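Novice: Before we start, here is the structure in question, set down as structure tokens.
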Amino acid sequence: QVQLVESGGGLVHPGGSLRLSCAGTGSISLINAMGWYRQAPGKQREMVATISVGGTPTYADSMKGRFTISRDSAKNTVYLQMNSLEPEDTAVYYCNAVIGFKYNFWGQGTQVTVSS
């Protein structure tokens, strides 16, 4: 089992930045990859970025160049630095961890609102 707790969401103006954090506890050593997903009202949950246990990042095309995922293994924490935010980035952002390449664990989500 893995428990994930997100933080760092909030309200930001267009063009602004936010950094999300996800702290993991539990069976951390079994995690294959961690990542961030988001779900906007009326839309399906979509992948934002993932990072492998070896540190290799993967991004959704629309986030490339604006978002950066990173991890601090010593703190069991994954970060998502979001720059040049747009109103279309408004969503609930969820932290994800994968164990055994098939078992998914989710955080409770953190709201990000981009509005003037």
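Lettering and numbering for the structure tokens are positional, with chains as A, B, ... in the shown order, residues counted from 1 in each chain, and ligands counted from 1 in the shown order.
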Which residues are close to Val12 (chain A), i.e. within 10 Å by only C-alpha atoms, leaving aside same-chain residues fewer than 6 positions away? Reply as a VMD selection string.
Specialist: chain A and resid 18 85 to 87 90 112 to 116
Novice: Dump N, CA, C and O atoms for the selected residues as a PDB file, in the first residue's frame?
Specialist:
ATOM      1  N   LEU A  18       2.996  27.654 -10.395  1.00  0.00           N
ATOM      2  CA  LEU A  18       2.713  26.937  -9.162  1.00  0.00           C
ATOM      3  C   LEU A  18       3.616  25.718  -9.108  1.00  0.00           C
ATOM      4  O   LEU A  18       3.997  25.190 -10.148  1.00  0.00           O
ATOM      5  N   LEU A  85       1.085  29.219 -16.843  1.00  0.00           N
ATOM      6  CA  LEU A  85      -0.222  28.571 -16.693  1.00  0.00           C
ATOM      7  C   LEU A  85      -1.298  29.303 -17.488  1.00  0.00           C
ATOM      8  O   LEU A  85      -1.282  30.542 -17.608  1.00  0.00           O
ATOM      9  N   GLU A  86      -2.212  28.505 -18.007  1.00  0.00           N
ATOM     10  CA  GLU A  86      -3.313  29.007 -18.831  1.00  0.00           C
ATOM     11  C   GLU A  86      -4.630  28.606 -18.186  1.00  0.00           C
ATOM     12  O   GLU A  86      -4.680  27.631 -17.422  1.00  0.00           O
ATOM     13  N   PRO A  87      -5.705  29.330 -18.488  1.00  0.00           N
ATOM     14  CA  PRO A  87      -7.011  28.932 -17.930  1.00  0.00           C
ATOM     15  C   PRO A  87      -7.365  27.477 -18.228  1.00  0.00           C
ATOM     16  O   PRO A  87      -8.038  26.828 -17.408  1.00  0.00           O
ATOM     17  N   THR A  90      -6.768  24.713 -15.617  1.00  0.00           N
ATOM     18  CA  THR A  90      -7.614  24.581 -14.436  1.00  0.00           C
ATOM     19  C   THR A  90      -8.162  23.167 -14.324  1.00  0.00           C
ATOM     20  O   THR A  90      -8.782  22.659 -15.261  1.00  0.00           O
ATOM     21  N   VAL A 112      -6.235  23.291  -8.843  1.00  0.00           N
ATOM     22  CA  VAL A 112      -5.481  24.367  -9.469  1.00  0.00           C
ATOM     23  C   VAL A 112      -6.460  25.177 -10.316  1.00  0.00           C
ATOM     24  O   VAL A 112      -7.130  24.620 -11.189  1.00  0.00           O
ATOM     25  N   THR A 113      -6.543  26.460 -10.042  1.00  0.00           N
ATOM     26  CA  THR A 113      -7.439  27.345 -10.783  1.00  0.00           C
ATOM     27  C   THR A 113      -6.619  28.473 -11.383  1.00  0.00           C
ATOM     28  O   THR A 113      -5.903  29.177 -10.654  1.00  0.00           O
ATOM     29  N   VAL A 114      -6.714  28.616 -12.694  1.00  0.00           N
ATOM     30  CA  VAL A 114      -5.999  29.677 -13.402  1.00  0.00           C
ATOM     31  C   VAL A 114      -7.045  30.659 -13.917  1.00  0.00           C
ATOM     32  O   VAL A 114      -7.834  30.334 -14.807  1.00  0.00           O
ATOM     33  N   SER A 115      -7.040  31.844 -13.349  1.00  0.00           N
ATOM     34  CA  SER A 115      -8.080  32.813 -13.693  1.00  0.00           C
ATOM     35  C   SER A 115      -7.590  34.218 -13.384  1.00  0.00           C
ATOM     36  O   SER A 115      -6.823  34.430 -12.437  1.00  0.00           O
ATOM     37  N   SER A 116      -8.061  35.155 -14.180  1.00  0.00           N
ATOM     38  CA  SER A 116      -7.735  36.544 -13.917  1.00  0.00           C
ATOM     39  C   SER A 116      -8.788  37.187 -13.018  1.00  0.00           C
ATOM     40  O   SER A 116      -8.671  38.355 -12.659  1.00  0.00           O
TER      41      SER A 116
END
Novice: Show me, as a list in words, the residues that have an atom within 7 Å of region 30-43 of chain A when counting only C-alpha atoms, minus same-chain residues fewer than 3 positions from it.
Specialist: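 Everything that qualifies: Ser27, Glu46, Met47, Val48, Ala49, Thr50, Ile51, Ser52, Val53, Thr90, Ala91, Val92, Tyr93, Tyr94, Cys95, Asn96, Ala97, Val98, Ile99, Gly100 and Phe101 of chain A.
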Novice: Create the file for the chosen residues now, containing N, CA and C atoms and written as a PDB file, in the first residue's frame.
Specialist:
ATOM      1  N   SER A  27       4.702   1.591   1.198  1.00  0.00           N
ATOM      2  CA  SER A  27       5.620   0.703   0.464  1.00  0.00           C
ATOM      3  C   SER A  27       6.333   1.459  -0.656  1.00  0.00           C
ATOM      4  N   GLU A  46      -6.564  12.955 -17.349  1.00  0.00           N
ATOM      5  CA  GLU A  46      -5.508  12.825 -18.342  1.00  0.00           C
ATOM      6  C   GLU A  46      -4.133  12.885 -17.683  1.00  0.00           C
ATOM      7  N   MET A  47      -3.178  12.246 -18.325  1.00  0.00           N
ATOM      8  CA  MET A  47      -1.813  12.258 -17.828  1.00  0.00           C
ATOM      9  C   MET A  47      -1.182  13.620 -18.079  1.00  0.00           C
ATOM     10  N   VAL A  48      -0.488  14.118 -17.066  1.00  0.00           N
ATOM     11  CA  VAL A  48       0.264  15.360 -17.191  1.00  0.00           C
ATOM     12  C   VAL A  48       1.741  15.046 -17.374  1.00  0.00           C
ATOM     13  N   ALA A  49       2.289  14.284 -16.449  1.00  0.00           N
ATOM     14  CA  ALA A  49       3.704  13.919 -16.495  1.00  0.00           C
ATOM     15  C   ALA A  49       3.935  12.734 -15.571  1.00  0.00           C
ATOM     16  N   THR A  50       4.889  11.906 -15.936  1.00  0.00           N
ATOM     17  CA  THR A  50       5.297  10.792 -15.089  1.00  0.00           C
ATOM     18  C   THR A  50       6.813  10.769 -14.986  1.00  0.00           C
ATOM     19  N   ILE A  51       7.305  10.100 -13.959  1.00  0.00           N
ATOM     20  CA  ILE A  51       8.746   9.962 -13.789  1.00  0.00           C
ATOM     21  C   ILE A  51       9.033   8.561 -13.286  1.00  0.00           C
ATOM     22  N   SER A  52       9.985   7.900 -13.925  1.00  0.00           N
ATOM     23  CA  SER A  52      10.307   6.531 -13.560  1.00  0.00           C
ATOM     24  C   SER A  52      11.177   6.501 -12.308  1.00  0.00           C
ATOM     25  N   VAL A  53      11.348   5.301 -11.764  1.00  0.00           N
ATOM     26  CA  VAL A  53      12.184   5.158 -10.578  1.00  0.00           C
ATOM     27  C   VAL A  53      13.615   5.583 -10.884  1.00  0.00           C
ATOM     28  N   THR A  90      -6.768  24.713 -15.617  1.00  0.00           N
ATOM     29  CA  THR A  90      -7.614  24.581 -14.436  1.00  0.00           C
ATOM     30  C   THR A  90      -8.162  23.167 -14.324  1.00  0.00           C
ATOM     31  N   ALA A  91      -7.908  22.535 -13.177  1.00  0.00           N
ATOM     32  CA  ALA A  91      -8.319  21.147 -12.973  1.00  0.00           C
ATOM     33  C   ALA A  91      -7.955  20.728 -11.553  1.00  0.00           C
ATOM     34  N   VAL A  92      -8.428  19.557 -11.178  1.00  0.00           N
ATOM     35  CA  VAL A  92      -7.931  18.904  -9.974  1.00  0.00           C
ATOM     36  C   VAL A  92      -6.738  18.043 -10.400  1.00  0.00           C
ATOM     37  N   TYR A  93      -5.625  18.244  -9.749  1.00  0.00           N
ATOM     38  CA  TYR A  93      -4.411  17.518 -10.069  1.00  0.00           C
ATOM     39  C   TYR A  93      -4.215  16.388  -9.049  1.00  0.00           C
ATOM     40  N   TYR A  94      -3.983  15.185  -9.575  1.00  0.00           N
ATOM     41  CA  TYR A  94      -3.850  13.996  -8.737  1.00  0.00           C
ATOM     42  C   TYR A  94      -2.444  13.415  -8.863  1.00  0.00           C
ATOM     43  N   CYS A  95      -1.898  13.028  -7.745  1.00  0.00           N
ATOM     44  CA  CYS A  95      -0.630  12.308  -7.725  1.00  0.00           C
ATOM     45  C   CYS A  95      -0.911  10.813  -7.883  1.00  0.00           C
ATOM     46  N   ASN A  96      -0.038  10.141  -8.595  1.00  0.00           N
ATOM     47  CA  ASN A  96      -0.212   8.709  -8.878  1.00  0.00           C
ATOM     48  C   ASN A  96       1.081   7.968  -8.608  1.00  0.00           C
ATOM     49  N   ALA A  97       0.952   6.755  -8.100  1.00  0.00           N
ATOM     50  CA  ALA A  97       2.107   5.869  -7.936  1.00  0.00           C
ATOM     51  C   ALA A  97       1.727   4.489  -8.463  1.00  0.00           C
ATOM     52  N   VAL A  98       2.669   3.849  -9.128  1.00  0.00           N
ATOM     53  CA  VAL A  98       2.429   2.529  -9.704  1.00  0.00           C
ATOM     54  C   VAL A  98       3.351   1.517  -9.036  1.00  0.00           C
ATOM     55  N   ILE A  99       2.766   0.416  -8.610  1.00  0.00           N
ATOM     56  CA  ILE A  99       3.530  -0.690  -8.018  1.00  0.00           C
ATOM     57  C   ILE A  99       3.295  -1.932  -8.855  1.00  0.00           C
ATOM     58  N   GLY A 100       4.362  -2.688  -9.084  1.00  0.00           N
ATOM     59  CA  GLY A 100       4.219  -3.917  -9.853  1.00  0.00           C
ATOM     60  C   GLY A 100       3.794  -3.672 -11.286  1.00  0.00           C
ATOM     61  N   PHE A 101       4.015  -2.458 -11.760  1.00  0.00           N
ATOM     62  CA  PHE A 101       3.676  -2.046 -13.128  1.00  0.00           C
ATOM     63  C   PHE A 101       2.194  -2.176 -13.443  1.00  0.00           C
TER      64      PHE A 101
END
Novice: May I have all residues of region 33-115 of chain A that DSSP, computed from the backbone, assigns to helix (DSSP H, G or I), given as a list in words?
Specialist: Asp61, Ser62, Met63, Ser73, Ala74, Lys75, Pro87, Glu88 and Asp89 of chain A
Novice: Taking the DSSP assignment computed from this structure's backbone, write out as a VMD selection string all residues of chain A that belong to strand (DSSP E or B).
Specialist: chain A and resid 2 to 7 10 to 12 18 to 26 31 to 39 46 to 52 57 to 59 67 to 72 77 to 82 91 to 99 103 to 106 110 to 114
Novice: Between A:Gln3, A:Ser21, A:Gln108, A:Ser62, single out the one closest to Thr77 (chain A), counting only C-alpha atoms.
Specialist: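 Closest to Thr77 (chain A), using only C-alpha atoms: A:Ser21.
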Novice: Leaving out Gln81 (chain A) and any residue of its chain fewer than 6 positions from it, which residues lie within 7 Å of it when counting only C-alpha atoms, given as a ChimeraX atom specification?
Specialist: /A:18-20,67-69
Novice: Smallest atom-to-atom distance to Gly65 (chain A): which of A:Phe105, A:Asn83, A:Val2, A:His13, using only C-alpha atoms?
Specialist: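 Of A:Phe105, A:Asn83, A:Val2, A:His13, the one nearest Gly65 (chain A) is A:Asn83, counting only C-alpha atoms.
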Novice: Taking into account only C-alpha atoms, which residue in the set A:Lys64, A:Gly15, A:Pro57, A:Asn104 is nearest to Tyr79 (chain A)?
Specialist: A:Pro57
Novice: Please compute the CA of Thr56 (chain A)-CA of Asp72 (chain A) distance, one decimal, in Å.
Specialist: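 That distance, rounded to one decimal, is 13.1 Å.
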Novice: Considering only C-alpha atoms, can you say which of A:Ser29, A:Cys22, A:Tyr103, A:Ala60 comes closest to Val5 (chain A)?
Specialist: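 Looking at the shortest contact to Val5 (chain A), the residue is A:Cys22.
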Novice: Pick the closest to Gly26 (chain A) from A:Met63, A:Leu11, A:Leu4, A:Ala74: which is it, counting only C-alpha atoms?
Specialist: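 Of the candidates, the smallest distance to Gly26 (chain A) is held by A:Leu4.
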Novice: Can you measure CA of Gly16 (chain A) to CA of Gln111 (chain A) for me? One decimal in Å is fine.
Specialist: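 One can read the CA of Gly16 (chain A) to CA of Gln111 (chain A) distance as 15.2 Å.
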